[in-house]
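Asker: Hey, dropping model.txt in here, compact mmCIF, C-alpha atoms:
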# COMPACT_ATOMS: atom_id res chain seq x y z
CA ALA A 1394 228.92 123.92 -122.42
CA LEU A 1395 232.29 124.58 -120.91
CA VAL A 1396 235.35 124.06 -123.06
CA VAL A 1397 238.46 123.02 -121.19
CA VAL A 1398 241.64 124.07 -122.92
CA PHE A 1399 244.57 121.85 -122.10
CA SER A 1400 248.04 123.32 -121.72
CA PRO A 1401 249.20 123.56 -125.31
CA LEU A 1402 252.60 122.72 -126.66
CA PRO A 1403 255.33 125.33 -126.09
CA ARG A 1404 255.17 126.56 -129.68
CA LEU A 1405 251.41 126.84 -129.61
CA ARG A 1406 251.60 128.56 -126.26
CA GLY A 1407 253.97 131.14 -127.61
CA LEU A 1408 251.69 131.76 -130.57
CA LEU A 1409 248.65 132.11 -128.36
CA GLN A 1410 250.49 134.52 -126.07
CA ARG A 1411 251.46 136.68 -129.02
CA CYS A 1412 247.90 136.68 -130.36
CA TRP A 1413 246.51 137.51 -126.93
CA GLY A 1414 249.03 140.34 -126.62
CA ARG A 1415 247.99 141.77 -129.98
CA LEU A 1416 244.35 141.59 -129.04
CA GLU A 1417 245.02 143.36 -125.79
CA ARG A 1418 246.83 146.10 -127.57
CA GLY A 1419 243.97 146.39 -130.01
CA PHE A 1420 245.36 144.47 -132.98
CA LEU A 1421 243.72 141.63 -134.77
CA PRO A 1422 246.03 138.71 -135.45
CA GLY A 1423 245.09 138.83 -139.11
CA PHE A 1424 246.20 142.49 -139.51
CA SER A 1425 249.73 143.27 -140.44
CA GLY A 1426 251.14 146.59 -139.52
CA GLY A 1427 250.28 148.78 -136.59
CA GLN A 1428 246.83 149.73 -137.63
CA SER A 1429 244.09 149.08 -135.21
CA PRO A 1430 240.84 147.91 -136.72
CA PRO A 1431 237.81 150.01 -136.04
CA TRP A 1432 236.65 148.48 -132.77
CA GLY A 1433 233.25 149.83 -132.13
CA PRO A 1434 230.33 148.52 -130.22
CA ALA A 1435 229.25 145.57 -132.24
CA LEU A 1436 226.55 143.06 -131.88
CA ALA A 1437 227.75 139.56 -131.14
CA LEU A 1438 225.56 136.85 -132.56
CA GLN A 1439 225.79 133.20 -132.09
CA ALA A 1440 225.87 132.18 -135.69
CA PRO A 1441 226.68 128.75 -137.07
CA ALA A 1442 230.11 128.18 -138.55
CA TYR A 1443 228.75 128.43 -142.11
CA LEU A 1444 226.35 131.02 -143.39
CA PRO A 1445 222.80 129.79 -143.39
CA GLN A 1446 221.65 128.85 -146.87
CA PRO A 1447 218.43 130.43 -147.99
CA VAL A 1448 216.83 127.01 -148.24
CA ASP A 1449 213.86 127.35 -145.95
CA ASP A 1450 212.07 124.35 -147.41
CA ALA A 1451 214.78 121.97 -146.20
CA GLY A 1452 214.52 123.43 -142.70
CA GLU A 1453 210.74 123.24 -142.64
CA SER A 1454 210.63 119.71 -143.93
CA ASN A 1455 212.97 118.68 -141.09
CA GLU A 1456 210.72 120.20 -138.41
CA ALA A 1457 207.22 119.52 -139.70
CA PRO A 1458 207.19 115.68 -139.43
CA SER A 1459 207.71 115.91 -135.69
CA LEU A 1460 204.59 118.04 -135.24
CA LEU A 1461 202.02 117.48 -137.95
CA ASP A 1462 203.06 114.29 -139.77
CA SER A 1463 203.40 112.41 -136.50
CA ILE A 1464 199.63 112.63 -136.15
CA LEU A 1465 199.21 111.11 -139.59
CA TRP A 1466 201.75 108.39 -138.80
CA MET A 1467 200.17 107.27 -135.43
CA ALA A 1468 198.17 104.03 -135.36
CA ALA A 1469 194.42 104.46 -134.98
CA PRO A 1470 191.48 102.07 -135.23
CA LYS A 1471 189.85 102.02 -138.62
CA LYS A 1472 186.43 100.72 -137.64
CA ARG A 1473 184.45 100.35 -134.45
CA ARG A 1474 184.86 96.92 -132.86
CA THR A 1475 181.44 95.29 -132.84
CA ILE A 1476 180.01 93.86 -129.66
CA GLU A 1477 180.31 90.34 -131.13
CA VAL A 1478 184.04 90.77 -131.64
CA ASN A 1479 184.37 92.32 -128.19
CA ARG A 1480 182.50 89.43 -126.63
CA CYS A 1481 184.71 86.87 -128.39
CA ARG A 1482 187.74 88.55 -126.90
CA ARG A 1483 186.36 89.12 -123.40
CA ARG A 1484 184.78 85.66 -123.03
CA ASN A 1485 187.67 83.69 -124.46
CA PRO A 1486 188.39 80.73 -122.14
CA SER A 1487 191.88 82.07 -121.45
CA LYS A 1488 190.29 85.15 -119.84
CA LEU A 1489 187.74 83.29 -117.73
CA ILE A 1490 188.65 82.54 -114.12
CA LYS A 1491 189.98 78.99 -113.71
CA VAL A 1492 188.36 76.68 -111.18
CA LYS A 1493 190.79 75.97 -108.32
CA ARG A 1494 191.26 72.30 -107.50
CA ASN A 1495 193.67 72.69 -104.56
CA ILE A 1496 191.16 73.50 -101.81
CA ASP A 1497 190.90 71.16 -98.81
CA VAL A 1498 189.42 71.12 -95.33
CA CYS A 1499 191.70 71.95 -92.40
CA PRO A 1500 191.76 68.94 -90.03
CA GLU A 1501 192.16 71.17 -86.97
CA CYS A 1502 189.36 73.71 -87.29
CA GLY A 1503 187.30 72.48 -90.24
CA ASN A 1504 187.62 75.67 -92.28
CA LEU A 1505 188.70 75.62 -95.91
CA LYS A 1506 192.37 75.96 -96.75
CA GLN A 1507 194.55 75.78 -99.81
CA LYS A 1508 196.85 72.77 -99.91
CA HIS A 1509 200.13 74.69 -100.00
CA VAL A 1510 199.05 77.49 -97.61
CA LEU A 1511 198.51 77.54 -93.85
CA CYS A 1512 194.93 77.57 -92.65
CA GLY A 1513 193.83 81.19 -92.23
CA TYR A 1514 191.73 80.59 -89.14
CA CYS A 1515 194.43 78.64 -87.28
CA TYR A 1516 197.04 81.22 -88.25
CA ALA A 1517 194.87 84.07 -86.95
CA LYS A 1518 194.30 82.15 -83.70
CA VAL A 1519 198.04 81.64 -83.15
CA LYS A 1520 198.75 85.25 -84.10
CA ALA A 1521 196.29 86.58 -81.51
CA GLU A 1522 197.81 84.44 -78.74
CA THR A 1523 201.34 85.47 -79.76
CA ARG A 1524 200.32 89.10 -79.55
CA LEU A 1525 199.12 88.64 -75.96
CA ILE A 1526 202.33 86.83 -75.02
CA ARG A 1527 204.37 89.66 -76.51
CA MET A 1528 202.37 92.18 -74.49
CA GLU A 1529 203.25 90.23 -71.32
CA ILE A 1530 206.91 90.24 -72.34
CA ASN A 1531 206.79 93.99 -72.92
CA LYS A 1532 205.27 94.53 -69.48
CA LYS A 1533 208.06 92.49 -67.92
CA GLU A 1534 210.89 94.12 -69.83
CA GLY A 1535 209.59 97.66 -69.51
CA GLY A 1536 211.44 99.25 -72.40
CA PRO A 1537 213.48 98.60 -75.52
CA PHE A 1538 216.88 96.84 -75.44
CA ASN A 1539 216.00 94.94 -72.25
CA ALA A 1540 215.82 91.46 -73.80
CA PRO A 1541 217.65 89.00 -71.53
CA THR A 1542 220.32 86.63 -72.79
CA VAL A 1543 218.52 83.51 -71.49
CA GLU A 1544 215.66 81.57 -73.04
CA THR A 1545 212.02 82.25 -72.31
CA VAL A 1546 209.41 79.79 -71.06
CA ILE A 1547 205.68 80.53 -71.19
CA LEU A 1548 203.57 79.01 -68.41
CA TYR A 1549 199.80 78.99 -68.25
CA ASP A 1550 197.44 78.57 -65.30
CA GLY A 1551 198.51 76.03 -62.74
CA GLU A 1552 201.84 75.12 -64.29
CA LYS A 1553 205.13 75.00 -62.45
CA PRO A 1554 208.55 75.40 -64.00
CA THR A 1555 210.30 72.06 -64.33
CA GLU A 1556 213.99 71.22 -63.65
CA LYS A 1557 214.79 71.82 -67.31
CA ASP A 1558 213.60 75.47 -67.02
CA GLU A 1559 216.23 76.36 -64.40
CA GLY A 1560 217.85 79.54 -65.63
CA LYS A 1561 215.17 80.60 -68.10
CA ARG A 1562 212.97 83.66 -67.98
CA ILE A 1563 209.35 82.80 -67.14
CA ILE A 1564 206.36 84.56 -68.69
CA GLU A 1565 202.99 83.93 -67.04
CA ARG A 1566 199.75 83.90 -69.02
CA ALA A 1567 196.51 83.99 -67.06
CA ARG A 1568 194.56 81.43 -68.98
CA LYS A 1569 194.30 77.72 -69.66
CA ARG A 1570 196.94 76.26 -71.96
CA PRO A 1571 195.56 76.14 -75.53
CA SER A 1572 195.38 72.65 -76.99
CA TRP A 1573 197.62 73.51 -79.90
CA PHE A 1574 200.44 74.91 -77.70
CA VAL A 1575 202.22 71.77 -76.58
CA GLN A 1576 204.36 71.89 -73.44
CA ASN A 1577 207.81 70.31 -73.66
CA LEU B 381 162.71 102.60 -75.45
CA CYS B 382 161.13 105.97 -74.87
CA CYS B 383 159.62 105.86 -78.35
CA PHE B 384 156.90 103.52 -77.18
CA LEU B 385 155.80 105.93 -74.43
CA ALA B 386 155.33 108.99 -76.63
CA GLY B 387 152.36 109.48 -78.91
CA SER B 388 152.32 109.22 -82.65
CA ALA B 389 152.81 112.99 -83.14
CA TRP B 390 156.15 112.93 -81.37
CA VAL B 391 157.15 109.87 -83.33
CA ARG B 392 156.19 111.51 -86.62
CA GLY B 393 158.19 114.58 -85.62
CA LEU B 394 161.16 112.36 -84.84
CA LEU B 395 160.95 110.69 -88.22
CA GLY B 396 160.00 113.77 -90.18
CA TRP B 397 163.50 114.97 -90.90
CA ALA B 398 165.28 111.63 -91.15
CA ARG B 399 164.08 109.25 -93.78
CA PRO B 400 166.80 106.66 -94.29
CA GLN B 401 166.13 104.47 -97.22
CA ARG B 402 166.11 101.00 -95.74
CA TRP B 403 165.59 101.69 -92.05
CA LEU B 404 162.27 100.13 -91.08
CA ALA B 405 161.35 97.42 -93.51
CA SER B 406 158.02 96.78 -91.82
CA SER B 407 155.73 98.96 -89.77
CA SER B 408 155.66 96.47 -86.88
CA LEU B 409 157.60 98.78 -84.54
CA PHE B 410 155.22 101.74 -84.97
CA PRO B 411 151.69 100.44 -85.46
CA LEU B 412 150.24 103.96 -85.78
CA SER B 413 152.60 105.00 -88.55
CA CYS B 414 151.65 104.93 -92.20
CA ILE B 415 150.92 101.57 -93.76
CA HIS B 416 153.18 102.22 -96.75
CA THR B 417 156.68 101.42 -95.52
CA SER B 418 159.86 103.19 -96.55
CA THR B 419 160.45 100.85 -99.50
CA SER B 420 157.55 102.37 -101.42
CA LEU B 421 159.64 105.46 -102.12
CA GLU B 422 162.06 103.46 -104.29
CA ASN B 423 161.14 100.74 -106.74
CA ILE B 424 161.11 97.18 -105.48
CA GLY B 425 163.06 95.36 -108.17
CA LYS B 426 161.62 92.56 -110.25
CA TRP B 427 164.10 90.08 -108.84
CA GLU B 428 162.97 90.73 -105.29
CA LYS B 429 159.34 90.25 -106.30
CA LYS B 430 160.10 86.76 -107.67
CA ASN B 431 160.35 85.47 -104.12
CA ARG B 432 156.70 86.40 -103.50
CA ILE B 433 155.05 83.99 -105.95
CA VAL B 434 153.05 81.27 -104.23
CA TYR B 435 152.21 78.10 -106.12
CA PRO B 436 148.96 76.18 -105.47
CA PRO B 437 149.44 73.05 -103.36
CA GLN B 438 150.81 70.12 -105.33
CA LEU B 439 148.68 67.08 -106.08
CA PRO B 440 149.72 63.80 -104.43
CA GLY B 441 151.07 62.20 -107.61
CA GLU B 442 153.16 65.14 -108.83
CA PRO B 443 156.93 65.13 -108.50
CA ARG B 444 158.18 67.46 -105.81
CA ARG B 445 158.84 70.99 -107.05
CA PRO B 446 162.33 72.07 -105.94
CA ALA B 447 162.50 75.26 -103.88
CA GLU B 448 163.75 78.38 -105.67
CA ILE B 449 165.31 81.29 -103.83
CA TYR B 450 165.95 84.61 -105.56
CA HIS B 451 168.39 87.01 -103.95
CA CYS B 452 170.25 90.08 -105.11
CA ARG B 453 172.37 92.97 -103.96
CA ARG B 454 172.04 96.41 -105.53
CA GLU B 455 174.52 99.20 -106.18
CA ILE B 456 177.74 97.34 -105.47
CA LYS B 457 180.77 99.58 -106.03
CA TYR B 458 182.35 97.36 -108.71
CA SER B 459 182.29 97.04 -112.48
CA LYS B 460 179.64 94.81 -114.06
CA ASP B 461 182.14 93.43 -116.58
CA LYS B 462 184.58 92.43 -113.85
CA MET B 463 181.77 90.99 -111.74
CA TRP B 464 180.58 88.96 -114.74
CA TYR B 465 183.70 86.76 -114.60
CA LEU B 466 182.89 85.75 -111.03
CA ALA B 467 179.24 85.17 -111.87
CA LYS B 468 180.31 82.95 -114.78
CA LEU B 469 182.67 81.04 -112.48
CA ILE B 470 179.98 79.96 -110.03
CA LYS B 471 177.17 79.31 -112.50
CA GLY B 472 175.95 75.72 -112.12
CA MET B 473 178.07 74.88 -109.06
CA SER B 474 176.83 73.62 -105.74
CA ILE B 475 176.75 76.29 -103.08
CA ASP B 476 179.61 74.76 -101.07
CA GLN B 477 181.87 74.58 -104.08
CA ALA B 478 180.97 78.15 -105.03
CA LEU B 479 181.79 79.43 -101.54
CA ALA B 480 185.12 77.56 -101.60
CA GLN B 481 186.08 79.05 -104.98
CA LEU B 482 185.11 82.55 -103.94
CA GLU B 483 186.98 82.36 -100.66
CA PHE B 484 190.32 81.88 -102.39
CA ASN B 485 189.72 84.33 -105.21
CA ASP B 486 191.51 87.65 -104.90
CA LYS B 487 188.96 89.87 -106.60
CA LYS B 488 186.95 92.50 -104.72
CA GLY B 489 183.67 91.15 -106.07
CA ALA B 490 184.39 87.69 -104.66
CA LYS B 491 183.92 88.92 -101.10
CA VAL B 492 180.62 90.60 -102.01
CA ILE B 493 179.24 87.56 -103.83
CA LYS B 494 180.23 85.32 -100.92
CA GLU B 495 178.20 87.51 -98.54
CA VAL B 496 175.24 87.42 -100.94
CA LEU B 497 175.38 83.62 -101.17
CA LEU B 498 175.52 83.22 -97.40
CA GLU B 499 172.57 85.58 -96.99
CA ALA B 500 170.61 83.65 -99.61
CA GLN B 501 171.41 80.37 -97.90
CA GLU B 502 170.17 81.78 -94.60
CA ILE B 503 166.94 83.03 -96.22
CA ALA B 504 166.44 79.64 -97.86
CA VAL B 505 166.67 77.76 -94.59
CA ARG B 506 164.58 80.25 -92.63
CA ASN B 507 161.77 81.23 -95.03
CA HIS B 508 161.65 78.78 -97.90
CA ASN B 509 161.52 75.46 -96.05
CA VAL B 510 164.83 74.13 -97.32
CA GLU B 511 165.90 71.17 -95.22
CA PHE B 512 169.66 71.01 -95.84
CA LYS B 513 171.59 74.17 -96.48
CA SER B 514 174.17 72.26 -98.53
CA ASN B 515 171.54 70.81 -100.84
CA LEU B 516 171.38 74.01 -102.92
CA HIS B 517 172.92 74.76 -106.25
CA ILE B 518 173.24 77.97 -108.24
CA ALA B 519 170.84 77.90 -111.15
CA GLU B 520 171.38 81.47 -112.34
CA SER B 521 173.90 84.15 -111.43
CA MET B 522 173.92 87.43 -113.31
CA THR B 523 175.21 90.96 -113.07
CA GLY B 524 173.48 94.16 -114.05
CA ARG B 525 174.47 97.77 -114.50
CA GLY B 526 173.85 100.05 -111.51
CA ARG B 527 173.50 103.82 -111.54
CA TYR B 528 176.57 105.53 -112.96
CA VAL B 529 177.71 108.97 -111.73
CA LYS B 530 179.96 111.28 -113.74
CA ARG B 531 182.82 113.05 -112.05
CA ILE B 532 185.75 115.22 -113.15
CA ARG B 533 189.21 113.72 -113.15
CA TYR B 534 191.93 116.35 -113.04
CA HIS B 535 194.95 115.94 -115.32
CA GLY B 536 198.06 118.11 -115.65
CA LYS B 537 198.23 121.44 -117.48
CA GLY B 538 194.64 122.30 -116.66
CA MET B 539 193.26 119.39 -118.65
CA PHE B 540 190.46 117.31 -117.29
CA GLY B 541 188.59 114.19 -118.14
CA ILE B 542 185.12 113.01 -117.18
CA MET B 543 185.17 109.71 -115.36
CA LYS B 544 182.25 107.43 -114.56
CA ILE B 545 181.82 106.03 -111.05
CA VAL B 546 180.60 102.57 -111.89
CA ARG B 547 178.26 100.39 -109.85
CA CYS B 548 176.62 97.05 -110.49
CA HIS B 549 173.90 94.74 -109.22
CA TYR B 550 174.34 91.03 -108.59
CA PHE B 551 171.48 88.51 -108.92
CA VAL B 552 171.49 84.88 -107.87
CA LYS B 553 168.89 82.10 -108.00
CA LEU B 554 169.43 79.11 -105.74
CA VAL B 555 167.52 75.89 -106.39
CA GLU B 556 167.25 72.97 -104.01
CA GLY B 557 168.86 69.73 -105.07
CA PRO B 558 172.23 68.60 -106.37
CA PRO B 559 173.70 70.54 -109.27
CA PRO B 560 172.75 69.24 -112.73
CA PRO B 561 175.53 67.29 -114.49
CA PRO B 562 177.41 69.42 -117.02
CA GLU B 563 176.31 68.64 -120.55
CA PRO B 564 179.00 66.81 -122.53
CA PRO B 565 180.65 68.79 -125.32
CA ARG B 566 179.36 68.19 -128.82
CA THR B 567 181.52 65.65 -130.59
CA GLY B 568 181.96 65.19 -134.33
CA PHE B 569 179.86 62.02 -134.10
CA ASP B 570 176.94 63.99 -132.67
CA GLN B 571 177.21 66.56 -135.40
CA ALA B 572 177.31 63.85 -138.08
CA LYS B 573 174.25 62.12 -136.57
CA GLU B 574 172.35 65.40 -136.57
CA TYR B 575 173.29 66.03 -140.18
CA VAL B 576 172.08 62.61 -141.29
CA GLN B 577 168.85 63.10 -139.34
CA GLN B 578 168.33 66.43 -141.05
CA LEU B 579 168.82 64.83 -144.46
CA ARG B 580 166.37 62.06 -143.64
CA SER B 581 163.66 64.45 -142.47
CA ARG B 582 163.53 66.27 -145.79
CA THR B 583 160.22 65.99 -147.65
CA LEU B 584 159.05 66.95 -151.13
CA VAL B 585 157.65 70.45 -151.16
CA ASN B 586 154.82 71.82 -153.27
CA THR B 587 153.85 68.35 -154.57
CA LEU B 588 151.03 65.94 -154.03
Can you turn what I pasted into structure tokens?
Answerer:
Amino acid sequence: ALVVVFSPLPRLRGLLQRCWGRLERGFLPGFSGGQSPPWGPALALQAPAYLPQPVDDAGESNEAPSLLDSILWMAAPKKRRTIEVNRCRRRNPSKLIKVKRNIDVCPECGNLKQKHVLCGYCYAKVKAETRLIRMEINKKEGGPFNAPTVETVILYDGEKPTEKDEGKRIIERARKRPSWFVQN
Amino acid sequence: LCCFLAGSAWVRGLLGWARPQRWLASSSLFPLSCIHTSTSLENIGKWEKKNRIVYPPQLPGEPRRPAEIYHCRREIKYSKDKMWYLAKLIKGMSIDQALAQLEFNDKKGAKVIKEVLLEAQEIAVRNHNVEFKSNLHIAESMTGRGRYVKRIRYHGKGMFGIMKIVRCHYFVKLVEGPPPPPEPPRTGFDQAKEYVQQLRSRTLVNTL
């Protein structure tokens, strides 16, 4: 961890400068007089501020619970759950699948549909036709960013653009108009 | 096909190396081939054999015996416990209601069971002389354990676990006719009546 030392007060700065000077010259701040302490190669250890007490038991008892005692403290099943108990839990009515009562018949195609959801068959039908229309549009435009600023009108076999479709872009589809696609 | 032109030796050579399990169900295509068909190599399950029983013709006064159709699918890649919930859902329903419920269920087994029910309905109409395909109800629907395979699942730090690849069977019995009405739940009154009946039916034991 880095320790950032702020600019000390002028008095403290003067004191620090004097101490630093003494150290540079080989004096320890604690020494008085001009004697230099025996600076020899010494081993620097990172020791805690206080001397470690010879109380190994306290140290051990702090470490051991995290390794060994945690196994003793963890929850574990005492007895095997019998198949009867397991069945009671698995076959509880809350876990059985509920019977759905919101299924109806689609009036258009006759397939089943949920009341609040679109009919899957009709949606797939519309999706397929939309895909073909989009392919026609892509063929006409040729590339990206070529969408015109006018509306689009889709005409099927044997249909002519009316007076309302004056300035609109016309997309031709080579098939009969589907019954569900109403012309304006 | 050129198979018909060649002799039986060429045909046997063609089939010698490839023996798919359910390829030719009957020997109608190759009359000179062995009489035992490919299904003799694996066991024909008991459920499949239930379709083969033939009853003697009914007497004129007897009530009509409803048609029973047994169908199953083997080795479905799904858990038997998870499949059991779907089997329990459709037990006792009419076939139309069962198909509707399964269509809007999100489980993987629902799609499989729907296919099985449609197949069974088709077999009922074609082979078992069922007049209306809607006039069927599900009498029994069960799941069974398929063959499990053990594989290694690799964890971190060189650890591994052994996982089971789980498969199941699904069995269904369709019976002709409308579904039976669900039995009403036992009330306290019924229990009291049964208790009184039990008290009344006590006799003196070891006496004259």
Asker: So which residues touch A:Lys1493 within 12 Å, counting all atoms listed in the file, skipping near sequence neighbours fewer than 4 positions away, as an MDAnalysis selection string?
Answerer: (chainID A and resid 1497 1506:1508) or (chainID B and resid 469:470 477:485)
Asker: What are the closest atom pairs, with distances in Å to one decimal, for all residues of chain A lying within 10 Å of chain B? Consider all atoms listed in the file, order rows by chain and residue number, and present the result as JSON lines.
Answerer:
{"residue": "A:Arg1483", "atom": "CA", "partner": "B:Asp461", "partner_atom": "CA", "distance": 9.1}
{"residue": "A:Arg1484", "atom": "CA", "partner": "B:Tyr465", "partner_atom": "CA", "distance": 8.6}
{"residue": "A:Lys1488", "atom": "CA", "partner": "B:Tyr465", "partner_atom": "CA", "distance": 8.6}
{"residue": "A:Leu1489", "atom": "CA", "partner": "B:Tyr465", "partner_atom": "CA", "distance": 6.2}
{"residue": "A:Ile1490", "atom": "CA", "partner": "B:Leu469", "partner_atom": "CA", "distance": 6.4}
{"residue": "A:Lys1491", "atom": "CA", "partner": "B:Leu469", "partner_atom": "CA", "distance": 7.7}
{"residue": "A:Val1492", "atom": "CA", "partner": "B:Gln481", "partner_atom": "CA", "distance": 7.0}
{"residue": "A:Lys1493", "atom": "CA", "partner": "B:Gln481", "partner_atom": "CA", "distance": 6.5}
{"residue": "A:Arg1494", "atom": "CA", "partner": "B:Gln481", "partner_atom": "CA", "distance": 8.9}
{"residue": "A:Asn1495", "atom": "CA", "partner": "B:Gln481", "partner_atom": "CA", "distance": 9.9}
{"residue": "A:Ile1496", "atom": "CA", "partner": "B:Ala480", "partner_atom": "CA", "distance": 7.3}
{"residue": "A:Asp1497", "atom": "CA", "partner": "B:Ala480", "partner_atom": "CA", "distance": 9.1}
{"residue": "A:Val1498", "atom": "CA", "partner": "B:Ala480", "partner_atom": "CA", "distance": 10.0}
{"residue": "A:Asn1504", "atom": "CA", "partner": "B:Ala480", "partner_atom": "CA", "distance": 9.8}
{"residue": "A:Leu1505", "atom": "CA", "partner": "B:Ala480", "partner_atom": "CA", "distance": 7.0}
{"residue": "A:Lys1506", "atom": "CA", "partner": "B:Phe484", "partner_atom": "CA", "distance": 8.4}
{"residue": "A:Gln1507", "atom": "CA", "partner": "B:Phe484", "partner_atom": "CA", "distance": 7.9}
Asker: Report, in Å to a single decimal, how far apart atom CA of B:Met463 and atom CA of B:Tyr550 are.
Answerer: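 Distance reported for this atom pair: 8.1 Å.
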Asker: Give me, please, the distance in Å between atom CA of B:Lys491 and atom CA of B:His508, quoted to one decimal.
Answerer: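 Separation between atom CA of B:Lys491 and atom CA of B:His508: 24.7 Å.
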Asker: When you draw a straight line from atom CA of B:Leu498 to atom CA of B:Ala467, how long is it in Å?
Answerer: 15.1 Å
Asker: For each of A:Gly1536, A:Lys1561, A:Val1519, A:Glu1529, take the minimum atom-to-atom distance to A:Phe1574, counting only C-alpha atoms, then give the residue where this is smallest.
Answerer: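 Counting only C-alpha atoms, the residue closest to A:Phe1574 is A:Val1519.
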Asker: For the point (208.2, 66.8, -72.4) in file coordinates, what residues are within 12 Å, counting all atoms listed in the file? Give the answer as a list in words?
Answerer: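 The residues that fall inside the cut-off are Thr1555, Glu1556, Lys1557, Asp1558, Val1575, Gln1576 and Asn1577 of chain A.
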Asker: Could you check which of B:Gly524, B:Pro558, B:Gly441, B:Pro564 is closest to B:Trp427, using all atoms listed in the file?
Answerer: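 Distance minimum relative to B:Trp427 lands on B:Gly524.
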Asker: As an MDAnalysis selection string, please: the residues near B:Val492 (cut-off 10 Å, all atoms listed in the file, same-chain neighbours under 3 positions excluded).
Answerer: chainID B and resid 453 456:458 463 482 487:489 495:497 550
Asker: Quick one: residues within 12 Å of A:Arg1568, all atoms listed in the file, excluding same-chain residues fewer than 3 positions away - as a PyMOL selection string?
Answerer: chain A and resi 1522+1525-1526+1547-1552+1565+1571-1572
Asker: List the neighbours of B:Ser514 out to 10 Å using all atoms listed in the file; skip same-chain residues closer than 2 positions along the sequence, and give me the result as a tab-separated table (two decimals) with C-alpha atoms, in the coordinates of the input.
Answerer:
chain	number	residue	atom	x	y	z
B	474	SER	CA	176.83	73.62	-105.74
B	475	ILE	CA	176.75	76.29	-103.08
B	476	ASP	CA	179.61	74.76	-101.07
B	477	GLN	CA	181.87	74.58	-104.08
B	501	GLN	CA	171.41	80.37	-97.90
B	510	VAL	CA	164.83	74.13	-97.32
B	511	GLU	CA	165.90	71.17	-95.22
B	512	PHE	CA	169.66	71.01	-95.84
B	516	LEU	CA	171.38	74.01	-102.92
B	517	HIS	CA	172.92	74.76	-106.25
B	556	GLU	CA	167.25	72.97	-104.01
B	557	GLY	CA	168.86	69.73	-105.07
B	558	PRO	CA	172.23	68.60	-106.37
